[in-house]
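S.K.: Enclosed is the structure file input.csv (CSV, C-alpha atoms and all ligand atoms).
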chain,number,residue,atom,x,y,z
A,252,MET,CA,114.8,115.4,77.0
A,253,LYS,CA,113.2,115.4,73.5
A,254,GLN,CA,111.3,112.1,73.3
A,255,THR,CA,110.1,112.2,69.7
A,256,GLY,CA,112.0,109.7,67.6
A,257,ASP,CA,113.4,107.8,70.5
A,258,LEU,CA,113.2,104.2,69.2
A,259,ASN,CA,113.5,102.7,72.7
A,260,LEU,CA,110.6,104.7,73.9
A,261,ILE,CA,108.5,103.7,70.9
A,262,LYS,CA,109.4,100.1,71.6
A,263,LYS,CA,108.4,100.4,75.2
A,264,ILE,CA,105.1,102.0,74.3
A,265,ASN,CA,104.3,99.2,71.7
A,266,LYS,CA,105.3,96.5,74.2
A,267,SER,CA,102.9,98.0,76.8
A,268,ILE,CA,100.1,98.1,74.2
A,269,VAL,CA,100.7,94.4,73.3
A,270,LEU,CA,100.7,93.5,77.0
A,271,ASP,CA,97.5,95.4,77.6
A,272,TYR,CA,95.8,93.5,74.8
A,273,LEU,CA,97.2,90.2,76.1
A,274,ARG,CA,95.9,91.0,79.6
A,275,ARG,CA,92.4,91.9,78.4
A,276,HIS,CA,91.9,89.5,75.5
A,277,SER,CA,93.7,86.2,76.5
A,278,PRO,CA,93.8,83.7,74.9
A,279,ILE,CA,94.7,85.5,71.7
A,280,SER,CA,97.0,84.9,68.7
A,281,ARG,CA,99.9,87.1,67.5
A,282,ALA,CA,97.9,87.8,64.3
A,283,ARG,CA,94.9,88.9,66.2
A,284,ILE,CA,97.0,91.3,68.4
A,285,ALA,CA,98.5,92.7,65.2
A,286,GLU,CA,95.0,93.2,63.7
A,287,LEU,CA,93.6,94.9,66.9
A,288,THR,CA,96.6,97.2,67.6
A,289,GLY,CA,97.5,98.1,64.0
A,290,LEU,CA,101.2,97.0,64.7
A,291,THR,CA,102.9,94.9,62.1
A,292,LYS,CA,103.0,91.1,62.6
A,293,ALA,CA,106.8,91.2,62.8
A,294,THR,CA,106.7,93.9,65.6
A,295,VAL,CA,104.1,91.9,67.5
A,296,SER,CA,106.1,88.7,67.3
A,297,SER,CA,109.3,90.2,68.5
A,298,LEU,CA,107.5,92.0,71.4
A,299,VAL,CA,105.6,88.8,72.3
A,300,ASN,CA,108.9,86.9,72.4
A,301,GLU,CA,110.2,89.5,74.9
A,302,LEU,CA,107.0,89.1,77.0
A,303,ILE,CA,107.5,85.3,77.0
A,304,THR,CA,111.1,85.7,78.1
A,305,SER,CA,110.0,88.0,81.0
A,306,ASN,CA,107.4,85.3,81.9
A,307,LEU,CA,104.4,87.6,81.4
A,308,ALA,CA,103.1,85.6,78.4
A,309,HIS,CA,103.1,81.9,77.5
A,310,GLU,CA,101.9,79.8,74.6
A,311,ILE,CA,99.0,77.5,75.3
A,312,GLY,CA,98.7,75.5,72.1
A,313,ALA,CA,96.9,75.9,68.7
A,314,GLY,CA,93.6,77.8,68.5
A,315,MET,CA,90.8,77.7,65.9
A,316,SER,CA,91.8,78.4,62.4
A,317,SER,CA,89.9,80.6,60.0
A,318,GLY,CA,91.5,78.7,57.1
A,319,GLY,CA,95.1,77.6,56.8
A,320,ARG,CA,97.5,76.8,59.7
A,321,LYS,CA,96.1,77.0,63.2
A,322,PRO,CA,97.5,79.9,65.1
A,323,MET,CA,99.5,79.5,68.3
A,324,MET,CA,97.4,81.0,71.1
A,325,LEU,CA,99.0,83.2,73.8
A,326,HIS,CA,98.0,83.6,77.4
A,327,PHE,CA,98.7,86.3,79.9
A,328,HIS,CA,100.7,84.7,82.6
A,329,ALA,CA,98.7,85.8,85.6
A,330,ALA,CA,100.7,83.7,88.1
A,331,ALA,CA,103.9,85.7,87.3
A,332,GLY,CA,103.3,87.8,90.4
A,333,TYR,CA,100.8,88.6,93.2
A,334,ALA,CA,99.1,91.6,94.6
A,335,ILE,CA,97.9,92.3,98.2
A,336,GLY,CA,94.7,94.3,98.9
A,337,ILE,CA,93.5,95.6,102.2
A,338,ASP,CA,90.0,96.8,102.9
A,339,LEU,CA,90.3,98.8,106.1
A,340,GLY,CA,87.0,99.0,107.9
A,341,VAL,CA,86.0,100.9,111.0
A,342,ASN,CA,86.0,97.7,112.9
A,343,TYR,CA,87.6,95.1,110.6
A,344,ILE,CA,90.5,94.5,108.3
A,345,LEU,CA,90.0,92.3,105.2
A,346,ALA,CA,93.1,91.3,103.4
A,347,ALA,CA,93.3,89.5,100.0
A,348,LEU,CA,95.9,88.0,97.8
A,349,THR,CA,95.3,88.0,94.0
A,350,ASP,CA,97.3,87.0,90.9
A,351,LEU,CA,98.1,89.6,88.3
A,352,SER,CA,94.7,89.2,86.7
A,353,GLY,CA,92.9,90.0,89.9
A,354,THR,CA,91.8,86.4,90.6
A,355,LEU,CA,91.3,85.9,94.4
A,356,ILE,CA,93.9,83.4,95.7
A,357,ASP,CA,93.5,83.8,99.4
A,358,GLU,CA,92.0,86.1,102.0
A,359,TYR,CA,92.3,86.9,105.7
A,360,LYS,CA,90.0,88.8,108.0
A,361,LEU,CA,90.3,90.1,111.5
A,362,GLU,CA,88.3,92.4,113.7
A,363,HIS,CA,89.6,95.4,115.5
A,364,GLN,CA,88.3,97.8,118.2
A,365,ASN,CA,90.0,100.9,116.7
A,366,SER,CA,91.5,101.5,120.1
A,367,SER,CA,94.6,103.4,118.8
A,368,LEU,CA,96.2,104.3,115.5
A,369,GLU,CA,99.3,102.2,116.4
A,370,GLN,CA,97.2,99.2,117.0
A,371,VAL,CA,95.4,99.4,113.7
A,372,ILE,CA,98.7,100.0,111.8
A,373,GLU,CA,100.1,96.9,113.5
A,374,LEU,CA,97.1,94.8,112.6
A,375,ILE,CA,97.3,96.0,108.9
A,376,GLN,CA,100.9,95.0,108.9
A,377,ALA,CA,100.1,91.7,110.5
A,378,SER,CA,97.5,90.9,107.8
A,379,ILE,CA,99.9,91.8,105.1
A,380,ARG,CA,102.5,89.4,106.6
A,381,VAL,CA,99.9,86.6,106.5
A,382,MET,CA,99.2,87.3,102.8
A,383,ILE,CA,103.0,87.5,101.9
A,384,ALA,CA,103.5,84.1,103.7
A,385,ARG,CA,100.7,82.5,101.7
A,386,ALA,CA,101.7,83.8,98.3
A,387,PRO,CA,103.0,81.1,95.9
A,388,GLN,CA,106.6,81.4,94.5
A,389,SER,CA,106.6,83.5,91.4
A,390,THR,CA,108.8,85.5,89.0
A,391,TYR,CA,107.9,89.0,90.3
A,392,GLY,CA,106.7,88.0,93.8
A,393,ILE,CA,104.4,90.6,95.5
A,394,VAL,CA,104.2,93.4,93.1
A,395,GLY,CA,102.5,95.9,95.4
A,396,ILE,CA,99.9,96.6,98.1
A,397,GLY,CA,96.6,98.5,97.7
A,398,ILE,CA,94.8,99.8,100.7
A,399,GLY,CA,91.2,101.1,100.6
A,400,VAL,CA,90.5,103.5,103.5
A,401,PRO,CA,87.1,104.9,104.8
A,402,GLY,CA,88.1,108.5,104.2
A,403,ILE,CA,90.0,110.9,101.9
A,404,SER,CA,93.7,110.6,101.1
A,405,ASP,CA,96.1,112.7,99.0
A,406,GLU,CA,98.4,111.6,96.1
A,407,GLN,CA,101.3,111.0,98.6
A,408,GLY,CA,99.2,108.3,100.3
A,409,ASN,CA,98.4,110.3,103.4
A,410,VAL,CA,95.0,109.7,104.9
A,411,LEU,CA,93.9,113.3,105.4
A,412,PHE,CA,90.6,112.6,107.1
A,413,ALA,CA,88.8,109.4,108.0
A,414,PRO,CA,86.1,110.6,110.5
A,415,ASN,CA,84.7,107.2,111.4
A,416,LEU,CA,88.3,106.0,112.3
A,417,GLY,CA,89.1,109.3,114.0
A,418,TRP,CA,92.2,109.7,111.7
A,419,GLN,CA,93.7,112.9,110.5
A,420,HIS,CA,96.9,113.3,108.5
A,421,VAL,CA,98.1,109.7,108.9
A,422,PRO,CA,101.1,109.0,106.5
A,423,LEU,CA,99.7,105.5,105.8
A,424,ARG,CA,101.7,104.8,102.6
A,425,ASN,CA,105.0,105.7,104.2
A,426,LEU,CA,104.2,103.6,107.3
A,427,ILE,CA,103.5,100.5,105.1
A,428,GLU,CA,106.1,101.1,102.5
A,429,ASN,CA,108.9,101.5,105.1
A,430,GLU,CA,107.8,98.2,106.7
A,431,PHE,CA,107.7,96.0,103.6
A,432,ASN,CA,109.7,97.9,101.0
A,433,LEU,CA,107.0,97.3,98.4
A,434,PRO,CA,105.0,99.9,96.4
A,435,VAL,CA,101.8,100.9,98.2
A,436,VAL,CA,98.7,102.6,96.8
A,437,ILE,CA,96.2,104.3,99.1
A,438,ASP,CA,92.7,105.2,98.0
A,439,ASN,CA,89.2,105.6,99.3
A,440,GLU,CA,87.5,102.3,100.0
A,441,ALA,CA,84.4,103.3,97.9
A,442,ASN,CA,86.7,104.1,94.9
A,443,ALA,CA,88.2,100.6,95.4
A,444,GLY,CA,84.7,99.1,95.5
A,445,ALA,CA,83.7,100.9,92.3
A,446,VAL,CA,86.8,99.6,90.6
A,447,GLY,CA,86.2,96.1,92.0
A,448,GLU,CA,82.6,96.1,90.7
A,449,LYS,CA,83.7,97.5,87.3
A,450,GLN,CA,86.4,94.9,86.8
A,451,PHE,CA,85.1,91.8,88.5
A,452,GLY,CA,81.5,92.3,89.5
A,453,ILE,CA,78.1,93.2,88.0
A,454,GLY,CA,79.4,96.5,86.7
A,455,LYS,CA,81.6,95.1,83.9
A,456,SER,CA,79.5,96.4,81.1
A,457,ALA,CA,78.5,99.7,82.6
A,458,ALA,CA,80.4,102.8,81.5
A,459,GLN,CA,78.7,105.1,84.0
A,460,LEU,CA,78.5,103.4,87.4
A,461,VAL,CA,78.1,104.7,91.0
A,462,TYR,CA,79.2,102.4,93.8
A,463,LEU,CA,77.8,103.0,97.2
A,464,SER,CA,79.7,101.6,100.1
A,465,ILE,CA,77.3,101.6,103.0
A,466,GLY,CA,78.8,100.6,106.4
A,467,MET,CA,79.3,102.8,109.4
A,468,GLY,CA,79.3,105.7,107.0
A,469,ILE,CA,78.5,106.1,103.3
A,470,GLY,CA,81.2,106.3,100.7
A,471,THR,CA,80.7,106.8,96.9
A,472,GLY,CA,82.9,105.6,94.1
A,473,ILE,CA,82.1,107.1,90.7
A,474,ILE,CA,83.0,105.6,87.3
A,475,LEU,CA,82.4,107.9,84.4
A,476,LYS,CA,83.2,106.8,80.8
A,477,GLY,CA,84.7,103.6,82.3
A,478,GLU,CA,87.2,105.5,84.4
A,479,LEU,CA,87.3,106.3,88.1
A,480,PHE,CA,86.3,110.0,88.6
A,481,ARG,CA,88.3,111.5,91.4
A,482,GLY,CA,87.4,115.2,91.1
A,483,SER,CA,90.1,118.0,90.7
A,484,SER,CA,92.0,116.9,93.8
A,485,GLY,CA,90.8,113.4,94.6
A,486,PHE,CA,88.0,114.2,97.0
A,487,SER,CA,85.0,113.4,94.8
A,488,GLY,CA,82.2,111.1,96.0
A,489,GLU,CA,81.5,112.5,99.5
A,490,VAL,CA,77.8,112.3,98.8
A,491,GLY,CA,77.3,110.7,102.3
A,492,HIS,CA,78.0,114.2,103.6
A,493,ALA,CA,75.3,116.0,101.6
A,494,SER,CA,72.5,117.2,103.8
A,495,ILE,CA,69.1,115.6,103.5
A,496,GLN,CA,67.9,117.6,106.4
A,497,TYR,CA,69.2,121.2,106.5
A,498,ASP,CA,68.9,121.6,110.3
A,499,GLY,CA,69.4,118.0,111.2
A,500,LYS,CA,71.9,116.3,113.5
A,501,THR,CA,75.5,117.6,113.7
A,502,CYS,CA,77.9,115.4,111.7
A,503,VAL,CA,81.6,114.8,112.4
A,504,CYS,CA,82.4,116.5,109.0
A,505,GLY,CA,81.0,119.8,110.3
A,506,ASN,CA,77.8,119.8,108.2
A,507,TYR,CA,74.3,119.1,109.5
A,508,GLY,CA,71.8,116.4,108.6
A,509,CYS,CA,74.2,114.5,106.4
A,510,TRP,CA,72.8,111.5,104.4
A,511,GLU,CA,75.0,109.0,106.2
A,512,LEU,CA,73.4,110.1,109.6
A,513,TYR,CA,70.2,108.6,108.3
A,514,ALA,CA,71.1,105.8,105.9
A,515,SER,CA,74.2,104.0,107.2
A,516,GLU,CA,74.7,101.0,109.4
A,517,ASN,CA,75.4,103.4,112.2
A,518,ALA,CA,72.0,105.1,111.8
A,519,LEU,CA,70.3,101.7,111.8
A,520,LEU,CA,72.1,100.6,115.0
A,521,GLU,CA,71.3,103.9,116.7
A,522,ALA,CA,67.6,103.3,116.0
A,523,GLY,CA,67.9,99.6,116.9
A,524,ARG,CA,69.5,100.4,120.3
A,525,LEU,CA,66.5,102.7,121.2
A,526,GLU,CA,63.9,100.3,119.8
A,527,PHE,CA,65.2,97.2,121.6
A,528,SER,CA,66.8,98.9,124.6
A,529,ASP,CA,70.0,97.1,123.8
A,530,PRO,CA,73.2,99.2,123.7
A,531,LYS,CA,75.1,96.5,122.0
A,532,ILE,CA,72.7,95.4,119.2
A,533,THR,CA,74.4,94.4,115.9
A,534,LEU,CA,73.3,94.3,112.3
A,535,GLU,CA,73.4,90.5,112.4
A,536,GLN,CA,71.0,90.5,115.4
A,537,LEU,CA,68.6,92.9,113.7
A,538,LEU,CA,68.6,90.7,110.6
A,539,LYS,CA,67.9,87.7,112.7
A,540,LEU,CA,65.0,89.5,114.4
A,541,ALA,CA,63.5,90.6,111.1
A,542,GLY,CA,63.9,87.0,109.8
A,543,GLU,CA,61.9,85.8,112.8
A,544,GLY,CA,59.1,88.2,111.9
A,545,SER,CA,59.8,91.1,114.3
A,546,LEU,CA,57.7,94.0,113.0
A,547,GLU,CA,59.9,96.4,114.9
A,548,ALA,CA,63.1,95.2,113.2
A,549,LYS,CA,61.4,95.1,109.8
A,550,ALA,CA,60.2,98.7,110.4
A,551,LEU,CA,63.8,99.8,111.1
A,552,PHE,CA,65.0,98.3,107.8
A,553,THR,CA,62.1,99.9,106.0
A,554,GLN,CA,63.0,103.3,107.3
A,555,LEU,CA,66.7,102.7,106.3
A,556,GLY,CA,65.6,101.6,102.8
A,557,ARG,CA,63.5,104.8,102.4
A,558,PHE,CA,66.5,107.0,103.5
A,559,LEU,CA,68.7,105.1,101.1
A,560,GLY,CA,66.3,105.8,98.3
A,561,ILE,CA,66.1,109.6,99.1
A,562,GLY,CA,69.9,109.9,98.8
A,563,ILE,CA,70.1,107.7,95.7
A,564,VAL,CA,67.7,110.2,93.9
A,565,MET,CA,70.4,112.9,94.4
A,566,ILE,CA,72.9,110.6,92.7
A,567,ILE,CA,70.5,109.8,89.8
A,568,ASN,CA,69.8,113.5,89.3
A,569,THR,CA,73.5,114.4,89.4
A,570,TYR,CA,75.1,111.6,87.3
A,571,ASN,CA,72.4,109.9,85.3
A,572,PRO,CA,74.2,106.6,85.8
A,573,GLU,CA,73.5,103.3,84.0
A,574,MET,CA,74.1,101.4,87.2
A,575,ILE,CA,74.1,102.0,91.0
A,576,VAL,CA,75.7,99.2,93.0
A,577,ILE,CA,75.1,99.1,96.7
A,578,GLY,CA,77.9,97.3,98.6
A,579,GLY,CA,79.3,97.3,102.0
A,580,ARG,CA,77.9,95.6,105.1
A,581,ILE,CA,74.4,96.9,104.5
A,582,ALA,CA,74.1,94.7,101.4
A,583,LEU,CA,73.5,91.9,103.9
A,584,ALA,CA,70.0,93.4,104.4
A,585,GLN,CA,69.1,93.5,100.7
A,586,GLN,CA,65.8,91.6,101.1
A,587,TRP,CA,64.5,94.1,103.6
A,588,LEU,CA,65.8,97.2,101.9
A,589,MET,CA,65.1,96.8,98.2
A,590,THR,CA,61.3,97.4,98.2
A,591,PRO,CA,61.1,100.6,100.3
A,592,MET,CA,64.3,101.9,98.6
A,593,GLN,CA,62.8,101.3,95.1
A,594,ALA,CA,59.5,102.8,96.1
A,595,GLU,CA,61.2,106.0,97.3
A,596,ILE,CA,63.3,106.2,94.1
A,597,THR,CA,60.3,105.8,91.8
A,598,LYS,CA,58.3,108.3,93.8
A,599,ARG,CA,60.9,111.0,93.8
A,600,SER,CA,62.8,110.6,90.6
A,601,HIS,CA,62.0,111.8,87.1
A,602,PRO,CA,61.0,108.8,85.0
A,603,TYR,CA,63.4,109.4,82.1
A,604,PRO,CA,66.7,108.7,83.9
A,605,LEU,CA,65.1,105.6,85.5
A,606,GLN,CA,64.5,104.0,82.1
A,607,GLN,CA,68.2,103.1,81.6
A,608,LEU,CA,69.1,102.7,85.3
A,609,HIS,CA,69.8,99.5,87.2
A,610,VAL,CA,70.0,99.7,91.0
A,611,GLN,CA,71.5,96.6,92.3
A,612,PHE,CA,73.1,95.2,95.4
A,613,SER,CA,76.7,94.0,95.0
A,614,GLU,CA,77.3,90.4,94.0
A,615,LEU,CA,80.9,90.6,95.2
A,616,GLY,CA,79.4,91.6,98.6
A,617,SER,CA,82.0,92.5,101.1
A,618,LYS,CA,84.9,91.6,98.6
A,619,ALA,CA,84.3,94.5,96.1
A,620,ALA,CA,86.6,96.9,97.9
A,621,VAL,CA,89.4,94.5,98.7
A,622,LEU,CA,89.5,93.2,95.1
A,623,GLY,CA,89.6,96.8,93.9
A,624,ALA,CA,92.5,97.5,96.2
A,625,CYS,CA,94.4,94.6,94.6
A,626,SER,CA,93.6,96.0,91.2
A,627,PHE,CA,95.1,99.4,92.2
A,628,ALA,CA,98.4,97.6,93.1
A,629,ILE,CA,98.3,95.6,89.8
A,630,SER,CA,97.7,98.7,87.7
A,631,SER,CA,100.5,100.6,89.5
A,632,PHE,CA,102.9,97.7,88.8
A,633,PHE,CA,102.1,97.6,85.1
A,634,SER,CA,102.0,101.4,84.8
A,635,SER,CA,105.4,101.8,86.4
A,636,ASN,CA,106.8,99.4,83.7
A,637,LYS,CA,105.3,101.2,80.8
A,638,VAL,CA,104.8,104.5,79.2
A,639,MET,CA,101.2,105.8,78.9
A,640,VAL,CA,99.4,104.0,76.1
A,641,GLU,CA,97.7,107.3,75.1
A,642,LEU,CA,101.1,108.3,73.6
A,643,GLN,CA,100.5,105.8,70.9
A,644,SER,CA,99.0,108.3,68.6
A,645,TYR,CA,102.2,110.3,68.5
A,646,PHE,CA,104.2,107.3,67.4
A,647,PRO,CA,102.3,105.4,64.6
A,648,ASP,CA,103.9,102.1,63.8
B,701,ZN,ZN,78.7,114.9,107.3
Turn the structure described in the file into structure tokens.
Ligand SMILES: [Zn+2]
M.R.:
Amino acid sequence: MKQTGDLNLIKKINKSIVLDYLRRHSPISRARIAELTGLTKATVSSLVNELITSNLAHEIGAGMSSGGRKPMMLHFHAAAGYAIGIDLGVNYILAALTDLSGTLIDEYKLEHQNSSLEQVIELIQASIRVMIARAPQSTYGIVGIGIGVPGISDEQGNVLFAPNLGWQHVPLRNLIENEFNLPVVIDNEANAGAVGEKQFGIGKSAAQLVYLSIGMGIGTGIILKGELFRGSSGFSGEVGHASIQYDGKTCVCGNYGCWELYASENALLEAGRLEFSDPKITLEQLLKLAGEGSLEAKALFTQLGRFLGIGIVMIINTYNPEMIVIGGRIALAQQWLMTPMQAEITKRSHPYPLQQLHVQFSELGSKAAVLGACSFAISSFFSSNKVMVELQSYFPD
């Protein structure tokens, strides 16, 4: 079908542009939207009226005037629908409910033993049911579900390989879509964390940001020029499986001496089990011991911090980012990790890329990935209702 000149298409595009501005700049007046988009005031007014009718916008009263009549301000109606996000961990499931602007409304967490695929799927479905039950009444209801997984997935939402869960070729999107009849987006949990930090966390102003999710393994989400970088087929960011010791320990990925074998929670616990002769030692216990002054526990964190720094230097040298955000469970140990990590970065990195670089621990903490997963569901809802905004240049108003 030839689309040029299709008035309906142009209108759809313009409507999605107005909606985008409304979502990003609320509260905003019709005149200001016209000014920012280059659309005529009449076009903006008519499109805004349609958005008000569909309950995605509402008027909130008069704003400041720059002379003359005070303009009526518009607000994006974030409570017109809700999104569900799932952060699937190796031993936990964190579910969240947000409104259409990504504001957290409710959350639900449970732990799992990863005993079988069926059990984990059932628990994911159970936590989604809890979130659905807790969602307020709204025009669009639940608009979609986003799931961040600790592994790689394809565009059809199949989890191809999640080594720390022991999953291969799990049709996760189908399994969840068939159960709830809602659109489902599957992505890597570190990608979700990167988007969470970029939209809601300390990464808001950074155009080049690398998010490290450090839990049982290491995942990396890369934002370049403000957008998630997925690589040619969606498998980017597997820096956790770059070797830092060429003949090191064998990894489940098939490589040797991978970074995550030295700098993850798993690595810390392995060393902790040996040091304290306790096969069940946890991160929380090691933190408690370090807090009570245990030199052995502190030394374990120092070693982990150094290994973190060594891998981060690879990231600095590859991407020259403005910001590296460290999230995942290991962020709980920030106070013990920061100094040895920074020392290693300073020692091994060229000084120039460090001048612009901020290495920080996540402020969203364990919520970065789940909020990012909600954001995937929201983006998918709005993109399914609109034509790509980039087409705008073909159809000047
Ligand atoms: Zn590996």
S.K.: Can you tell me which residues come within 9 Å of ligand ZN 701 (chain B) when counting all atoms listed in the file, ideally as a list in words?
M.R.: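 Answer in the requested format: Glu489, Val490, Gly491, His492, Ala493, Ser494, Thr501, Cys502, Val503, Cys504, Gly505, Asn506, Tyr507, Gly508, Cys509, Trp510, Glu511 and Leu512 of chain A.
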S.K.: Please write the residues from the selection above to a file, keeping C-alpha atoms, as a PDB file, in the frame of the given file.
M.R.:
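Ended up saving to result_2.pdb:
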ATOM      1  CA  GLU A 489      81.500 112.500  99.500  1.00  0.00           C
ATOM      2  CA  VAL A 490      77.800 112.300  98.800  1.00  0.00           C
ATOM      3  CA  GLY A 491      77.300 110.700 102.300  1.00  0.00           C
ATOM      4  CA  HIS A 492      78.000 114.200 103.600  1.00  0.00           C
ATOM      5  CA  ALA A 493      75.300 116.000 101.600  1.00  0.00           C
ATOM      6  CA  SER A 494      72.500 117.200 103.800  1.00  0.00           C
ATOM      7  CA  THR A 501      75.500 117.600 113.700  1.00  0.00           C
ATOM      8  CA  CYS A 502      77.900 115.400 111.700  1.00  0.00           C
ATOM      9  CA  VAL A 503      81.600 114.800 112.400  1.00  0.00           C
ATOM     10  CA  CYS A 504      82.400 116.500 109.000  1.00  0.00           C
ATOM     11  CA  GLY A 505      81.000 119.800 110.300  1.00  0.00           C
ATOM     12  CA  ASN A 506      77.800 119.800 108.200  1.00  0.00           C
ATOM     13  CA  TYR A 507      74.300 119.100 109.500  1.00  0.00           C
ATOM     14  CA  GLY A 508      71.800 116.400 108.600  1.00  0.00           C
ATOM     15  CA  CYS A 509      74.200 114.500 106.400  1.00  0.00           C
ATOM     16  CA  TRP A 510      72.800 111.500 104.400  1.00  0.00           C
ATOM     17  CA  GLU A 511      75.000 109.000 106.200  1.00  0.00           C
ATOM     18  CA  LEU A 512      73.400 110.100 109.600  1.00  0.00           C
TER      19      LEU A 512
END
S.K.: Distance atom CA of Gln407 of chain A-atom CA of Gln419 of chain A, one decimal place?
M.R.: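 Computing the Euclidean distance for atom CA of Gln407 of chain A and atom CA of Gln419 of chain A yields 14.2 Å.
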S.K.: Residues near segment 585-588 of chain A, anyone? I mean within 8 Å using all atoms listed in the file, not counting same-chain ones fewer than 2 positions away, as a list in words.
M.R.: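 Those residues are Lys549, Phe552, Thr553, Leu555, Gly556, Arg557, Ile581, Ala582, Leu583, Thr590, Pro591, Met592 and Phe612 of chain A.
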S.K.: Residues near Pro387 of chain A, anyone? I mean within 10 Å using only C-alpha atoms, not counting same-chain ones fewer than 2 positions away, as an NGL selection string.
M.R.: :A and (330-333 or 350 or 356 or 383-385 or 389 or 392-393)
S.K.: Ranking A:Leu520, A:Ile268, A:Ala619, A:Gly312 by minimum distance to Leu298 of chain A and counting all atoms listed in the file, which one comes first?
M.R.: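 Closest to Leu298 of chain A of all the choices is A:Ile268.
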S.K.: Hey, which of A:Gly623, A:Gly454, A:Gly466, A:Pro530 ends up closest to Ile575 of chain A? Count all atoms listed in the file.
M.R.: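 Under the stated criterion, the closest residue is A:Gly454.
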S.K.: Could you make a table, as JSON lines, of the residues of segment 490-577 of chain A that have an atom within 12 Å of an atom of segment 475-480 of chain A, each with its nearest atom pair and distance in Å to one decimal, counting all atoms listed in the file, in chain and number order?
M.R.:
{"residue": "A:Tyr570", "atom": "CA", "partner": "A:Leu475", "partner_atom": "CA", "distance": 8.7}
{"residue": "A:Asn571", "atom": "CA", "partner": "A:Leu475", "partner_atom": "CA", "distance": 10.2}
{"residue": "A:Pro572", "atom": "CA", "partner": "A:Leu475", "partner_atom": "CA", "distance": 8.4}
{"residue": "A:Glu573", "atom": "CA", "partner": "A:Leu475", "partner_atom": "CA", "distance": 10.0}
{"residue": "A:Met574", "atom": "CA", "partner": "A:Leu475", "partner_atom": "CA", "distance": 10.9}
S.K.: Between A:Ile375, A:Leu519, A:Val299, A:Ile279, which one has atoms that come closest to Gly340 of chain A, using only C-alpha atoms?
M.R.: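 Nearest to Gly340 of chain A: A:Ile375.
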S.K.: Using Å and a single decimal, report how far atom CA of Thr349 of chain A sits from atom CA of Asp271 of chain A.
M.R.: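 Atom-to-atom, atom CA of Asp271 of chain A and atom CA of Thr349 of chain A are spaced 18.1 Å apart.
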S.K.: Here's a test: counting all atoms listed in the file, identify every protein, DNA and RNA residue with an atom at most 8 Å from (97.3, 101.6, 102.0) in the file's coordinate frame, and state them as a list in words.
M.R.: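 So the residues meeting the distance criterion are Ile337, Ile396, Gly397, Ile398, Gly399, Val400, Gly408, Leu423, Arg424, Ile427, Val435, Val436, Ile437 and Asp438 of chain A.
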S.K.: What would the file look like if the residues just selected were written as a short mmCIF file (atom, residue, chain, number, x, y, z; two decimals), in the frame of the given file with C-alpha atoms?
M.R.:
data_model
loop_
_atom_site.label_atom_id
_atom_site.label_comp_id
_atom_site.auth_asym_id
_atom_site.auth_seq_id
_atom_site.Cartn_x
_atom_site.Cartn_y
_atom_site.Cartn_z
CA ILE A 337 93.50 95.60 102.20
CA ILE A 396 99.90 96.60 98.10
CA GLY A 397 96.60 98.50 97.70
CA ILE A 398 94.80 99.80 100.70
CA GLY A 399 91.20 101.10 100.60
CA VAL A 400 90.50 103.50 103.50
CA GLY A 408 99.20 108.30 100.30
CA LEU A 423 99.70 105.50 105.80
CA ARG A 424 101.70 104.80 102.60
CA ILE A 427 103.50 100.50 105.10
CA VAL A 435 101.80 100.90 98.20
CA VAL A 436 98.70 102.60 96.80
CA ILE A 437 96.20 104.30 99.10
CA ASP A 438 92.70 105.20 98.00
#
S.K.: Nearest to Asn425 of chain A among A:Ser487, A:Asn409, A:Ser280, A:Ser366, with distances taken over only C-alpha atoms: which residue is it?
M.R.: A:Asn409
S.K.: With only C-alpha atoms as the atoms that count, which of A:Ile465, A:Phe627, A:Thr569, A:Val394 lies nearest to Pro434 of chain A?
M.R.: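 Checking each of A:Ile465, A:Phe627, A:Thr569, A:Val394 against Pro434 of chain A, counting only C-alpha atoms, the winner is A:Val394.
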S.K.: Record the distance separating atom CA of Glu362 of chain A and atom CA of Asn439 of chain A, expressed in Å with one decimal.
M.R.: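 Atom CA of Glu362 of chain A sits 19.6 Å away from atom CA of Asn439 of chain A.
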S.K.: Choose the residue, out of A:Ile495, A:Ile379, A:Val341, A:Ile567, that has the smallest atom-to-atom separation from Pro414 of chain A; count only C-alpha atoms.
M.R.: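 With only C-alpha atoms as the atom set, the closest residue is A:Val341.
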S.K.: Considering all atoms listed in the file, return as a ChimeraX atom specification whatever protein or nucleic-acid residues lie within 6 Å of Met467 of chain A, sequence-local ones (same chain, fewer than 3 positions apart) excluded.
M.R.: /A:515-517
S.K.: What's the 9 Å shell around Leu374 of chain A, counting only C-alpha atoms, without same-chain residues fewer than 4 positions away, as a list in words?
M.R.: Ile344, Leu361, His363, Glu369, Gln370, Ser378 and Ile379 of chain A
